[in-house]
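Participant: Provided herewith is a single structure, encoded as structure tokens, for subsequent inquiry.
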Amino acid sequence: MRNQRRLHGSCISRDGQAILLLGPPGCGKSDLVLRLISRGFELVADDQVDLADGVASCPGALAGLLEVRGLGIVRLPYRAHARLALVVELDGHGDRLPMPNSHPAFGVPVLHLDAASASAADKLTLALDCALGRVSQVAGAFAA
């Protein structure tokens with residue numbers, strides 16, 4: 001395989017299209033994954049994500065495991081592979097009207113978001129639809 005790497009992050013998918021969540025330990029990646037699962041997304045990976053040729057997967061020993069702070073590590077259904085569609089940097093902020101930006105290593109749109117925001121899961125659901133062309137934007141991260 002070409003272009004293969006392992007990253008510290010989490011990954012969820014909907015309809016086989018993945019969102020890669022990146023950020024420092026404790027920033028809310030796993031919590032956001034949990035919120036997205038309740039909205040119909042599937043777990044791909046938590047803590048470590050393998051990427052090869054634009055496809056996200058989980059290292060075998062971690063497949064289906066999600067750390068839920070205050071509860072522990074749980075085993076959940078998971079999706080073995082999903083095509084990377086969006087990268088989200090959980091850095092505690094997001095511009096009001098971000099300019100379109102592509103991740104330099106993966107060539108997909110990248111957003112900055114505060115994982116603790118009450119609307120973070122809803123924003124990611126909408127962002128994935130924008131990234132896939134299901135919803136159009138007048139201004140912002142996916143505006144043409």
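Ligands are numbered from 1 in the order shown, residues from 1 within each chain, and chains are lettered A, B, ... in the order they appear in the structure tokens.
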May I have the residues within 9 Å of segment 29-46 of chain A as a VMD selection string, using only C-alpha atoms and disregarding those fewer than 6 positions away in the same chain?
Facilitator: chain A and resid 8 to 16 18 21 to 23 56 to 59 62 to 69 76 to 82 90 115 to 116 120 to 122 124 to 125
Participant: Tell me which protein, DNA and RNA residues are within 12 Å of segment 93-97 of chain A, counting only C-alpha atoms, leaving out same-chain ones fewer than 3 positions away, and put them as a list in words.
Facilitator: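 Neighbouring residues, sequence-local ones excluded: Gly23, Cys27, Val88, Glu89, Leu90, Pro100, Asn101, Val110, Leu111, His112, Leu113, Asp114, Ala115, Ala116, Ser117, Ala120, Lys123, Gln137, Val138, Ala139, Gly140, Ala141, Phe142 and Ala143 of chain A.
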Participant: Atoms to include: N, CA and C atoms. Write the selected residues as an mmCIF file, in the first residue's frame.
Facilitator:
data_model
loop_
_atom_site.group_PDB
_atom_site.id
_atom_site.type_symbol
_atom_site.label_atom_id
_atom_site.label_comp_id
_atom_site.auth_asym_id
_atom_site.auth_seq_id
_atom_site.Cartn_x
_atom_site.Cartn_y
_atom_site.Cartn_z
ATOM 1 N N GLY A 23 -6.661 15.896 17.501
ATOM 2 C CA GLY A 23 -6.494 16.862 18.578
ATOM 3 C C GLY A 23 -5.731 16.230 19.711
ATOM 4 N N CYS A 27 -9.116 16.374 24.490
ATOM 5 C CA CYS A 27 -9.827 17.474 23.830
ATOM 6 C C CYS A 27 -11.274 17.138 23.494
ATOM 7 N N VAL A 88 -11.158 16.937 10.869
ATOM 8 C CA VAL A 88 -11.571 17.977 11.817
ATOM 9 C C VAL A 88 -10.518 18.091 12.906
ATOM 10 N N GLU A 89 -9.961 19.281 13.030
ATOM 11 C CA GLU A 89 -8.997 19.594 14.082
ATOM 12 C C GLU A 89 -9.781 20.128 15.272
ATOM 13 N N LEU A 90 -9.757 19.387 16.366
ATOM 14 C CA LEU A 90 -10.476 19.796 17.580
ATOM 15 C C LEU A 90 -9.522 20.630 18.432
ATOM 16 N N PRO A 100 -12.440 27.986 2.616
ATOM 17 C CA PRO A 100 -12.211 26.596 2.218
ATOM 18 C C PRO A 100 -10.736 26.242 2.410
ATOM 19 N N ASN A 101 -10.496 25.064 2.965
ATOM 20 C CA ASN A 101 -9.141 24.631 3.270
ATOM 21 C C ASN A 101 -9.054 23.130 3.067
ATOM 22 N N VAL A 110 -10.621 20.357 5.545
ATOM 23 C CA VAL A 110 -10.279 20.353 6.962
ATOM 24 C C VAL A 110 -11.016 21.497 7.647
ATOM 25 N N LEU A 111 -11.565 21.215 8.813
ATOM 26 C CA LEU A 111 -12.262 22.211 9.633
ATOM 27 C C LEU A 111 -11.608 22.287 10.999
ATOM 28 N N HIS A 112 -11.817 23.395 11.683
ATOM 29 C CA HIS A 112 -11.415 23.558 13.079
ATOM 30 C C HIS A 112 -12.694 23.713 13.880
ATOM 31 N N LEU A 113 -12.759 23.015 15.026
ATOM 32 C CA LEU A 113 -14.007 22.977 15.774
ATOM 33 C C LEU A 113 -13.721 22.816 17.259
ATOM 34 N N ASP A 114 -14.633 23.326 18.063
ATOM 35 C CA ASP A 114 -14.596 23.126 19.509
ATOM 36 C C ASP A 114 -15.471 21.912 19.819
ATOM 37 N N ALA A 115 -14.842 20.806 20.235
ATOM 38 C CA ALA A 115 -15.577 19.570 20.501
ATOM 39 C C ALA A 115 -16.574 19.723 21.635
ATOM 40 N N ALA A 116 -16.328 20.648 22.562
ATOM 41 C CA ALA A 116 -17.201 20.825 23.720
ATOM 42 C C ALA A 116 -18.455 21.627 23.401
ATOM 43 N N SER A 117 -18.507 22.232 22.240
ATOM 44 C CA SER A 117 -19.675 23.015 21.877
ATOM 45 C C SER A 117 -20.904 22.108 21.799
ATOM 46 N N ALA A 120 -21.581 20.676 18.351
ATOM 47 C CA ALA A 120 -20.458 20.089 17.611
ATOM 48 C C ALA A 120 -20.889 18.896 16.757
ATOM 49 N N LYS A 123 -22.903 20.136 13.827
ATOM 50 C CA LYS A 123 -22.037 20.798 12.854
ATOM 51 C C LYS A 123 -21.283 19.782 12.009
ATOM 52 N N GLN A 137 -23.270 25.574 0.118
ATOM 53 C CA GLN A 137 -22.996 26.714 0.988
ATOM 54 C C GLN A 137 -22.914 27.986 0.170
ATOM 55 N N VAL A 138 -23.332 29.078 0.762
ATOM 56 C CA VAL A 138 -23.208 30.386 0.130
ATOM 57 C C VAL A 138 -21.861 30.989 0.492
ATOM 58 N N ALA A 139 -21.428 30.810 1.749
ATOM 59 C CA ALA A 139 -20.129 31.295 2.215
ATOM 60 C C ALA A 139 -19.631 30.343 3.281
ATOM 61 N N GLY A 140 -18.325 30.194 3.382
ATOM 62 C CA GLY A 140 -17.758 29.357 4.419
ATOM 63 C C GLY A 140 -16.852 28.272 3.890
ATOM 64 N N ALA A 141 -16.618 27.254 4.714
ATOM 65 C CA ALA A 141 -15.603 26.232 4.475
ATOM 66 C C ALA A 141 -15.806 25.421 3.199
ATOM 67 N N PHE A 142 -17.045 25.321 2.693
ATOM 68 C CA PHE A 142 -17.296 24.498 1.525
ATOM 69 C C PHE A 142 -17.884 25.292 0.373
ATOM 70 N N ALA A 143 -17.844 26.621 0.473
ATOM 71 C CA ALA A 143 -18.399 27.475 -0.579
ATOM 72 C C ALA A 143 -17.548 27.344 -1.841
#
Participant: I'd like the interatomic distance between atom CA of Ala131 of chain A and atom CA of Gly60 of chain A, to a tenth of an Å.
Facilitator: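 Taking atom CA of Ala131 of chain A and atom CA of Gly60 of chain A, their separation equals 28.6 Å.
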Participant: Would you list, as a list of chain:residue names, the residues of segment 10-71 of chain A that end up in alpha helix (DSSP H) under DSSP run on this structure's backbone?
Facilitator: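 Result set for segment 10-71 of chain A (alpha helix (DSSP H)): A:Lys29, A:Ser30, A:Asp31, A:Leu32, A:Val33, A:Leu34, A:Arg35, A:Leu36, A:Ile37.
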Participant: Between A:Ala144, A:Leu128, A:Ala118, A:Leu86, which residue has the minimum interatomic distance to His103 of chain A, considering only C-alpha atoms?
Facilitator: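 Closest to His103 of chain A, using only C-alpha atoms: A:Leu86.
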Participant: Just checking: using only C-alpha atoms, which residue out of A:Gly92, A:Gly54, A:Gly26, A:Gly133 ends up closest to Ala105 of chain A?
Facilitator: A:Gly54
Participant: What are the DSSP strand (DSSP E) residues of chain A, as a ChimeraX atom specification?
Facilitator: /A:4-14,17-22,42-52,55-57,65-68,72-75,81-90,110-113
Participant: Please measure the separation of atom CA of Arg5 of chain A and atom CA of Ala52 of chain A, giving the value in Å to one decimal.
Facilitator: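 About the pair atom CA of Arg5 of chain A and atom CA of Ala52 of chain A: they are 6.6 Å apart.
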Participant: Go through A:Ile73, A:Val49, A:Ile19, A:Met99 one by one, measure the shortest atom-to-atom distance of each to Leu132 of chain A using only C-alpha atoms, and give the residue with the smallest value.
Facilitator: A:Ile19
